[in-house]
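Novice: Contents are CSV, C-alpha atoms and all ligand atoms; file name run-v4.csv:
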```csv
chain,number,residue,atom,x,y,z
H,1,MET,CA,102.4,120.6,78.2
H,2,ALA,CA,104.5,122.1,75.5
H,3,LEU,CA,106.6,123.7,78.2
H,4,ARG,CA,107.2,120.4,79.9
H,5,ILE,CA,108.2,118.6,76.7
H,6,GLY,CA,110.6,121.4,75.8
H,7,LYS,CA,112.3,120.9,79.1
H,8,ILE,CA,112.6,117.2,78.6
H,9,ALA,CA,114.8,117.9,75.6
H,10,LEU,CA,116.9,120.2,77.7
H,11,THR,CA,117.5,117.6,80.4
H,12,GLY,CA,119.1,115.3,77.8
H,13,PHE,CA,117.0,112.2,78.1
H,14,VAL,CA,118.2,109.3,76.0
H,15,ALA,CA,116.5,108.5,72.7
H,16,GLY,CA,114.3,105.8,74.3
H,17,ALA,CA,113.0,108.4,76.7
H,18,LEU,CA,111.3,110.5,74.1
H,19,LEU,CA,107.6,110.8,74.7
H,20,SER,CA,105.1,108.8,72.6
H,21,ALA,CA,102.1,110.5,71.2
H,22,THR,CA,99.9,109.1,73.9
H,23,ALA,CA,102.0,110.9,76.5
H,24,LEU,CA,100.7,114.2,75.1
H,25,ALA,CA,97.1,113.4,76.0
H,26,ALA,CA,95.6,115.4,78.8
H,27,PRO,CA,95.9,114.1,82.3
H,28,GLN,CA,93.0,111.9,83.3
H,29,SER,CA,92.4,112.8,86.9
H,30,LYS,CA,89.8,115.1,88.3
H,31,PRO,CA,90.9,116.9,91.4
H,32,ASN,CA,87.6,116.3,93.1
H,33,GLY,CA,87.2,112.8,91.8
H,34,PRO,CA,86.9,109.6,93.7
H,35,TRP,CA,90.3,109.9,95.2
H,36,ILE,CA,88.9,112.0,98.0
H,37,THR,CA,88.4,109.0,100.3
H,38,ASP,CA,90.3,105.7,100.5
H,39,SER,CA,89.2,102.4,101.9
H,40,GLN,CA,89.8,103.7,105.5
H,41,ASN,CA,87.6,106.8,104.8
H,42,VAL,CA,90.7,108.9,105.6
H,43,SER,CA,90.3,112.2,103.8
H,44,LEU,CA,92.8,112.7,101.0
H,45,ALA,CA,91.7,116.3,100.6
H,46,GLY,CA,95.0,117.6,102.0
H,47,LEU,CA,97.0,115.7,99.3
H,48,ARG,CA,97.7,116.8,95.8
H,49,SER,CA,95.8,115.1,93.0
H,50,TYR,CA,97.8,114.2,89.8
H,51,GLU,CA,97.0,117.5,88.2
H,52,GLN,CA,97.7,119.4,91.4
H,53,LEU,CA,101.0,117.7,91.8
H,54,TRP,CA,102.1,118.7,88.3
H,55,HIS,CA,100.8,122.2,88.9
H,56,THR,CA,102.7,122.6,92.2
H,57,LEU,CA,105.9,121.4,90.6
H,58,GLU,CA,105.5,123.7,87.6
H,59,GLN,CA,105.0,126.6,90.0
H,60,ILE,CA,108.2,125.7,91.9
H,61,GLU,CA,110.1,125.4,88.7
H,62,ARG,CA,108.9,128.8,87.5
H,63,SER,CA,109.9,130.5,90.7
H,64,ALA,CA,113.2,128.7,91.0
H,65,LYS,CA,114.5,130.6,88.0
H,66,GLY,CA,116.6,127.8,86.6
H,67,ASN,CA,117.5,126.0,89.8
H,68,VAL,CA,114.9,123.3,89.1
H,69,THR,CA,114.1,121.4,85.9
H,70,LEU,CA,110.8,119.6,85.6
H,71,GLY,CA,110.4,116.7,83.2
H,72,SER,CA,108.7,113.4,82.7
H,73,ALA,CA,110.0,109.9,83.3
H,74,PRO,CA,111.1,108.0,80.2
H,75,ARG,CA,107.9,105.9,80.2
H,76,VAL,CA,104.3,106.7,80.6
H,77,THR,CA,101.9,104.6,82.6
H,78,ASN,CA,99.4,102.3,81.1
H,79,THR,CA,96.7,105.0,81.2
H,80,GLY,CA,99.1,107.3,79.3
H,81,ARG,CA,99.9,109.5,82.2
H,82,GLU,CA,103.4,111.1,82.6
H,83,ILE,CA,105.3,110.6,85.8
H,84,PRO,CA,106.9,113.8,87.0
H,85,VAL,CA,110.7,113.9,87.5
H,86,VAL,CA,112.4,116.9,89.1
H,87,THR,CA,116.1,117.6,88.6
H,88,ILE,CA,117.9,120.0,91.0
H,89,GLY,CA,121.5,121.1,90.8
H,90,SER,CA,124.3,120.1,88.5
H,91,GLY,CA,127.0,118.9,90.8
H,92,PRO,CA,129.2,115.8,90.2
H,93,ARG,CA,127.6,113.6,92.8
H,94,SER,CA,124.3,112.1,91.7
H,95,ILE,CA,121.5,111.0,94.0
H,96,MET,CA,118.0,109.8,93.1
H,97,ILE,CA,115.0,109.8,95.5
H,98,ILE,CA,111.7,108.1,94.6
H,99,ALA,CA,108.4,107.9,96.5
H,100,GLN,CA,105.0,106.4,96.3
H,101,GLN,CA,105.7,103.3,94.2
H,102,HIS,CA,102.6,102.0,96.1
H,103,GLY,CA,99.7,104.2,95.3
H,104,ASN,CA,98.1,103.9,98.7
H,105,GLU,CA,101.3,105.1,100.5
H,106,TYR,CA,100.9,108.7,99.7
H,107,VAL,CA,102.1,111.1,102.4
H,108,VAL,CA,105.8,110.7,101.5
H,109,SER,CA,105.1,112.3,98.1
H,110,GLU,CA,104.2,115.5,100.0
H,111,ALA,CA,107.6,115.3,101.7
H,112,MET,CA,109.4,115.1,98.4
H,113,VAL,CA,107.5,118.2,97.1
H,114,GLU,CA,108.8,120.1,100.2
H,115,LEU,CA,112.3,118.8,99.6
H,116,VAL,CA,112.2,120.1,96.0
H,117,ARG,CA,110.8,123.4,97.2
H,118,SER,CA,113.5,123.8,99.9
H,119,LEU,CA,116.4,122.9,97.6
H,120,SER,CA,115.2,125.3,94.9
H,121,SER,CA,115.6,128.3,97.1
H,122,ASN,CA,118.4,130.9,97.1
H,123,SER,CA,119.6,130.0,100.6
H,124,LYS,CA,123.3,129.5,101.0
H,125,GLN,CA,122.8,125.8,101.9
H,126,ALA,CA,120.6,125.1,98.8
H,127,ARG,CA,123.1,126.8,96.6
H,128,GLN,CA,126.0,124.8,98.0
H,129,ILE,CA,124.0,121.6,97.6
H,130,ARG,CA,123.1,122.4,94.0
H,131,ASP,CA,126.8,123.1,93.2
H,132,ALA,CA,127.9,119.7,94.7
H,133,VAL,CA,125.0,117.4,93.8
H,134,THR,CA,122.7,116.5,91.0
H,135,LEU,CA,119.4,115.4,92.7
H,136,THR,CA,116.7,113.5,90.8
H,137,VAL,CA,113.4,113.4,92.6
H,138,VAL,CA,110.4,111.3,91.6
H,139,PRO,CA,107.7,112.3,94.1
H,140,ARG,CA,105.0,109.9,93.0
H,141,VAL,CA,106.0,107.0,90.8
H,142,ASN,CA,102.6,105.2,90.9
H,143,VAL,CA,100.4,108.0,89.6
H,144,ASP,CA,97.7,105.6,88.4
H,145,GLY,CA,97.5,103.6,91.6
H,146,PHE,CA,96.9,106.9,93.5
H,147,ASP,CA,94.1,108.6,91.6
H,148,ALA,CA,93.6,107.5,88.0
H,149,ILE,CA,89.9,107.2,87.0
H,150,ILE,CA,90.0,103.4,86.8
H,151,GLU,CA,88.4,100.3,88.2
H,152,ASP,CA,89.9,96.9,88.8
H,153,ALA,CA,88.0,93.7,87.8
H,154,ASP,CA,86.3,93.7,91.3
H,155,GLY,CA,85.1,97.3,90.9
H,156,ASN,CA,87.7,98.8,93.3
H,157,THR,CA,89.1,102.2,92.7
H,158,PRO,CA,92.4,103.7,93.7
H,159,PRO,CA,94.3,104.5,95.9
H,160,TRP,CA,95.7,101.0,95.9
H,161,ARG,CA,99.1,99.3,96.0
H,162,GLN,CA,99.6,98.1,92.4
H,163,ASN,CA,99.8,99.9,89.0
H,164,TYR,CA,97.0,99.5,86.5
H,165,ASP,CA,97.3,96.6,84.1
H,166,PRO,CA,94.2,94.4,84.5
H,167,PHE,CA,94.9,92.0,81.7
H,168,CYS,CA,95.0,88.8,83.9
H,169,VAL,CA,91.9,87.5,85.6
H,170,THR,CA,92.8,83.8,85.8
H,171,ASP,CA,94.5,81.9,88.6
H,172,GLU,CA,97.7,81.9,86.5
H,173,CYS,CA,98.7,85.5,86.7
H,174,PRO,CA,102.4,86.6,86.9
H,175,ALA,CA,104.3,86.8,90.1
H,176,PHE,CA,103.6,89.9,92.3
H,177,TYR,CA,100.5,90.6,90.4
H,178,ARG,CA,97.0,91.4,91.8
H,179,GLN,CA,94.4,89.5,89.8
H,180,GLY,CA,92.3,91.8,87.7
H,181,ARG,CA,94.3,94.9,88.7
H,182,GLY,CA,98.0,95.2,88.0
H,183,TYR,CA,101.6,94.6,89.1
H,184,ASP,CA,103.5,95.5,92.3
H,185,ILE,CA,105.9,98.1,90.8
H,186,ASN,CA,108.4,97.4,93.6
H,187,ARG,CA,109.1,93.8,92.6
H,188,TYR,CA,109.9,94.5,88.9
H,189,HIS,CA,113.0,96.8,89.0
H,190,SER,CA,115.4,95.3,86.5
H,191,PHE,CA,118.6,94.5,88.2
H,192,LEU,CA,120.5,92.8,85.4
H,193,GLU,CA,123.0,94.9,83.5
H,194,LEU,CA,121.6,93.7,80.2
H,195,PHE,CA,118.4,95.6,80.6
H,196,PRO,CA,115.8,95.4,79.1
H,197,GLU,CA,116.5,92.4,76.9
H,198,THR,CA,116.1,89.9,79.6
H,199,ASP,CA,114.0,89.9,82.8
H,200,PRO,CA,114.1,87.1,85.3
H,201,TYR,CA,110.4,87.2,86.1
H,202,VAL,CA,109.0,87.1,82.6
H,203,GLY,CA,111.9,85.9,80.4
H,204,GLY,CA,111.4,88.9,78.1
H,205,PRO,CA,110.9,92.7,78.3
H,206,ASN,CA,109.9,94.1,81.7
H,207,PRO,CA,106.1,94.5,81.7
H,208,VAL,CA,105.8,97.3,84.2
H,209,PRO,CA,106.3,100.7,82.7
H,210,GLU,CA,106.8,102.5,86.0
H,211,SER,CA,109.6,100.1,87.0
H,212,VAL,CA,111.2,100.4,83.5
H,213,ALA,CA,111.0,104.2,83.8
H,214,MET,CA,112.9,104.2,87.1
H,215,ARG,CA,115.6,101.9,85.7
H,216,LEU,CA,116.0,104.1,82.6
H,217,LEU,CA,116.3,107.1,84.8
H,218,PHE,CA,118.9,105.3,86.9
H,219,ASP,CA,120.9,104.4,83.9
H,220,GLU,CA,120.7,108.0,82.7
H,221,ARG,CA,121.5,109.7,85.9
H,222,GLN,CA,124.0,107.1,87.3
H,223,PRO,CA,123.2,108.0,91.0
H,224,SER,CA,125.6,106.6,93.6
H,225,VAL,CA,122.7,106.8,96.1
H,226,VAL,CA,119.0,105.8,95.7
H,227,ILE,CA,116.4,106.3,98.4
H,228,ASP,CA,112.9,104.8,98.1
H,229,PHE,CA,110.2,106.1,100.4
H,230,HIS,CA,107.2,104.0,101.5
H,231,HIS,CA,104.6,103.7,104.3
H,232,GLN,CA,104.1,100.8,106.7
H,233,GLY,CA,101.5,100.1,109.3
H,234,SER,CA,101.9,101.1,113.0
H,235,TYR,CA,104.4,99.2,115.0
H,236,VAL,CA,105.9,99.5,118.5
H,237,ASP,CA,109.5,98.9,119.7
H,238,ALA,CA,110.5,96.8,122.7
H,239,GLU,CA,109.5,99.6,125.1
H,240,GLY,CA,106.1,99.9,123.5
H,241,ASP,CA,106.9,103.2,121.9
H,242,LEU,CA,105.5,103.8,118.5
H,243,ILE,CA,107.9,103.4,115.6
H,244,THR,CA,107.9,106.3,113.2
H,245,GLY,CA,110.1,104.8,110.5
H,246,SER,CA,112.0,101.7,109.4
H,247,THR,CA,114.9,101.5,107.0
H,248,LEU,CA,117.2,98.9,105.4
H,249,TRP,CA,120.0,98.6,102.9
H,250,PRO,CA,120.3,95.9,100.1
H,251,ASN,CA,120.3,92.3,101.3
H,252,ALA,CA,120.1,90.4,98.0
H,253,THR,CA,123.4,88.8,98.9
H,254,ALA,CA,122.7,85.4,97.2
H,255,ALA,CA,121.6,87.1,94.0
H,256,ALA,CA,124.8,89.2,94.0
H,257,ALA,CA,126.8,86.0,94.3
H,258,ASP,CA,124.8,84.3,91.6
H,259,LEU,CA,125.2,87.2,89.2
H,260,GLY,CA,128.9,87.6,90.1
H,261,VAL,CA,128.5,91.3,91.0
H,262,GLU,CA,129.8,91.2,94.6
H,263,ASP,CA,132.5,93.7,93.6
H,264,LYS,CA,129.8,96.3,93.0
H,265,PHE,CA,127.2,95.0,95.6
H,266,ASP,CA,129.4,94.9,98.7
H,267,PRO,CA,130.6,98.5,98.5
H,268,ALA,CA,127.0,99.5,97.6
H,269,VAL,CA,125.8,98.0,100.9
H,270,ILE,CA,128.5,99.9,102.8
H,271,LEU,CA,127.4,103.2,101.3
H,272,ALA,CA,123.7,102.3,101.9
H,273,LYS,CA,124.6,101.8,105.6
H,274,LYS,CA,126.2,105.2,105.7
H,275,VAL,CA,123.0,106.7,104.2
H,276,VAL,CA,121.0,105.0,107.0
H,277,THR,CA,123.5,106.3,109.6
H,278,VAL,CA,123.1,109.8,108.4
H,279,MET,CA,119.3,109.6,108.5
H,280,ALA,CA,119.3,107.9,111.9
H,281,LEU,CA,121.6,110.6,113.4
H,282,GLU,CA,119.5,113.4,111.8
H,283,LEU,CA,116.2,112.1,113.2
H,284,ASP,CA,117.6,111.1,116.6
H,285,PRO,CA,117.1,114.6,118.2
H,286,TYR,CA,113.4,114.7,117.2
H,287,GLY,CA,111.2,113.5,119.9
H,288,TYR,CA,108.7,112.0,117.4
H,289,ALA,CA,111.2,110.1,115.4
H,290,ASN,CA,111.8,106.5,116.5
H,291,LEU,CA,113.8,104.5,113.8
H,292,THR,CA,114.2,100.8,113.4
H,293,LEU,CA,115.5,98.3,110.8
H,294,TYR,CA,113.0,97.1,108.3
H,295,PRO,CA,112.5,93.3,108.0
H,296,GLY,CA,113.1,93.3,104.2
H,297,THR,CA,113.2,90.3,102.0
H,298,THR,CA,115.9,89.4,99.5
H,299,THR,CA,113.8,89.6,96.3
H,300,PRO,CA,116.2,91.2,93.8
H,301,GLY,CA,113.5,93.1,91.9
H,302,ILE,CA,112.7,95.3,95.0
H,303,ALA,CA,114.2,98.8,94.3
H,304,ARG,CA,116.3,98.6,97.4
H,305,ASN,CA,118.0,95.4,96.1
H,306,ALA,CA,117.9,96.1,92.4
H,307,TYR,CA,119.8,99.4,92.5
H,308,GLY,CA,122.2,97.8,95.1
H,309,LEU,CA,122.9,95.0,92.7
H,310,LEU,CA,123.6,97.7,90.1
H,311,GLY,CA,126.1,99.3,92.5
H,312,ALA,CA,124.2,102.1,94.2
H,313,GLY,CA,123.9,102.8,97.9
H,314,SER,CA,120.3,101.9,97.8
H,315,VAL,CA,118.1,102.5,100.9
H,316,LEU,CA,114.4,101.8,101.8
H,317,PHE,CA,112.7,104.2,104.2
H,318,GLU,CA,109.3,103.2,105.5
H,319,MET,CA,107.3,105.9,107.3
H,320,ARG,CA,104.5,105.0,109.6
H,321,GLY,CA,101.2,105.3,107.7
H,322,GLY,CA,97.5,104.6,107.5
H,323,ILE,CA,96.9,106.8,110.5
H,324,GLY,CA,94.9,109.7,109.3
H,325,VAL,CA,95.6,113.2,108.2
H,326,LYS,CA,96.3,114.5,111.7
H,327,SER,CA,99.7,112.8,111.6
H,328,ASN,CA,100.5,113.7,108.1
H,329,GLY,CA,102.5,116.8,109.2
H,330,TYR,CA,104.8,114.7,111.3
H,331,ILE,CA,105.2,112.1,108.6
H,332,THR,CA,106.0,114.7,106.0
H,333,LYS,CA,108.5,116.4,108.3
H,334,THR,CA,110.3,113.2,109.2
H,335,ALA,CA,110.6,112.0,105.6
H,336,TYR,CA,111.7,115.5,104.5
H,337,ASN,CA,114.4,115.7,107.2
H,338,ALA,CA,115.6,112.2,106.4
H,339,ALA,CA,116.0,112.9,102.7
H,340,LYS,CA,117.5,116.3,103.1
H,341,SER,CA,120.1,115.2,105.6
H,342,VAL,CA,121.4,112.6,103.1
H,343,VAL,CA,121.5,115.2,100.2
H,344,ALA,CA,123.3,117.6,102.5
H,345,ALA,CA,125.8,115.0,103.7
H,346,MET,CA,126.5,114.0,100.1
H,347,ALA,CA,127.1,117.6,99.2
H,348,ASP,CA,129.6,118.3,102.1
H,349,GLY,CA,131.2,114.9,101.9
H,350,SER,CA,130.3,113.9,105.5
H,351,LEU,CA,128.2,111.0,104.1
H,352,TYR,CA,131.4,109.1,103.2
H,353,ASP,CA,132.7,109.4,106.8
H,354,ALA,CA,129.5,108.1,108.4
H,355,ASP,CA,129.9,105.4,111.0
H,356,ILE,CA,128.1,102.3,109.7
H,357,SER,CA,127.9,100.8,113.2
H,358,VAL,CA,125.1,103.3,113.9
H,359,ALA,CA,123.0,101.7,111.1
H,360,GLU,CA,124.0,98.2,112.1
H,361,ASN,CA,122.9,98.7,115.7
H,362,LEU,CA,119.4,100.0,114.9
H,363,PRO,CA,116.9,97.8,116.7
H,364,PRO,CA,114.6,95.4,114.7
H,365,ARG,CA,111.0,96.5,114.1
H,366,GLY,CA,108.6,95.4,116.8
H,367,PRO,CA,105.1,94.0,116.5
H,368,GLY,CA,102.2,95.7,114.7
H,369,ILE,CA,99.6,97.3,116.9
H,370,SER,CA,96.6,97.5,114.6
H,371,ALA,CA,95.2,95.9,111.5
H,372,PRO,CA,96.8,97.6,108.5
H,373,ASN,CA,94.7,99.4,105.9
H,374,GLU,CA,95.2,96.7,103.3
H,375,GLU,CA,97.1,93.5,103.1
H,376,GLU,CA,100.6,94.3,104.6
H,377,GLU,CA,102.9,93.1,101.9
H,378,GLY,CA,105.9,95.0,102.8
H,379,GLU,CA,108.0,97.7,101.1
N,401,ZN,ZN,105.3,100.3,99.8
```
What would the structure in this file look like if it were written as structure tokens?

Specialist:
Amino acid sequence: MALRIGKIALTGFVAGALLSATALAAPQSKPNGPWITDSQNVSLAGLRSYEQLWHTLEQIERSAKGNVTLGSAPRVTNTGREIPVVTIGSGPRSIMIIAQQHGNEYVVSEAMVELVRSLSSNSKQARQIRDAVTLTVVPRVNVDGFDAIIEDADGNTPPWRQNYDPFCVTDECPAFYRQGRGYDINRYHSFLELFPETDPYVGGPNPVPESVAMRLLFDERQPSVVIDFHHQGSYVDAEGDLITGSTLWPNATAAAADLGVEDKFDPAVILAKKVVTVMALELDPYGYANLTLYPGTTTPGIARNAYGLLGAGSVLFEMRGGIGVKSNGYITKTAYNAAKSVVAAMADGSLYDADISVAENLPPRGPGISAPNEEEEGE
């Protein structure tokens, strides 16, 4: 722990990012605890627990010999857990990649660990990327919703979608809140410049520490590109082929007009489409990758929209999910390749020449083919 805190100081977090005393408490998870099975009885044994995730990232940091810096997000969760943040490279172009805002969408976090491992190496490509780019990776935002030792008001245990904040058990709970459990992190990203003094959902400070943490990181790192990785259910395209991933750029167009930020938002959308194009072209040669657009809503507090309203090329990437551990290798590989292709294209500059018509011509997502694991609420 002391090691981790020392590194936070080195990464230059803003004053508000300093850890509170509760952050120093020991992690609460047990590697062999109740996270082993989820509501589908899919084994999670192949996935890293909270402690194992930290342990793996610490190992990577040690063997990377200065190429990787591990720290904590500028807020802890409501159970006092720290959210791991990995920084790679020191180049002038900044990109931020986050995964697993929804605790029950977990395989993408493995892909982010592999991305960190790959870019920490001494290969020529990794070195060139680190010289050109500063990459911030948050492999698992919703650490509580994955495997904290907690129960909601109905006696459910994680993994689940929301964070853990079971203060409201009435019929008058806040928007995007699951009664007796917590908030949907991915509806509470603060998109106003005057953060955190005002928040459109609550008329006061943002109540979701995980969302606040991501916004503070965004403000600190000033990424020009943000990618947010999730899972969706199983869908097919018009030919009946399984869709492996769906993606979208910011579409909070009305909010951008209301806020008078079109001058930032419109170029952000163009850059986000370039990011989508790079991912689509990267995945195209893989037989198992079948990419479509995602039918995303215009809610401004969704990360894809919020960071677009703040001027970043902000992209959602939804992997197929809820299909058992046999497919986890494909999911991990696809998410890894998608993320790495964007980082590499940012490093060599080809991102900025990408043809956005490729993104715009992706097909829409087709119908679902099986009942999803939980309520399908989208990104
Ligand atoms: Zn999600």

Novice: What residues have any atom no more than 8 Å from ligand ZN 401 (chain N) when counting only C-alpha atoms and all ligand atoms, and can you list them as a list in words?

Specialist: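 Checked against 8 Å with only C-alpha atoms and all ligand atoms; the hits are Gln100, Gln101, His102, Glu105, Arg161, Asn186, Phe229, His230, His231, Gln232, Glu318, Glu377, Gly378 and Glu379 of chain H.
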
Novice: Take CA of Pro166 in chain H and CA of Ile98 in chain H and report the distance between them in Å, one decimal.

Specialist: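 Result for CA of Pro166 in chain H versus CA of Ile98 in chain H: 24.4 Å, one decimal.
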
Novice: Which polymer residues have any atom within 9 Å of an atom of range 350-363 of chain H, counting only C-alpha atoms, with same-chain residues fewer than 4 positions away left out, as a PyMOL selection string?

Specialist: chain H and resi 237-238+248+270-278+280-281+291-293+342-346

Novice: Near Pro207 in chain H, within 9 Å and counting all atoms listed in the file, which residues show up once chain neighbours fewer than 4 positions away are dropped, as a PyMOL selection string?

Specialist: chain H and resi 183+188+202+211-212

Novice: Using all atoms listed in the file, find the one residue out of H:Asn104, H:Thr77, H:Ser121, H:Gln52 that sits nearest to Ala213 in chain H.

Specialist: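 Among the listed residues, the smallest separation from Ala213 in chain H belongs to H:Thr77.
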
Novice: List as number ranges by chain the protein and nucleic acid residues near Phe265 in chain H, meaning an atom at most 12 Å away when all atoms listed in the file are counted, but skip any in the same chain fewer than 6 places from it.

Specialist: H: 191, 224, 249-259, 271-272, 300, 304-314
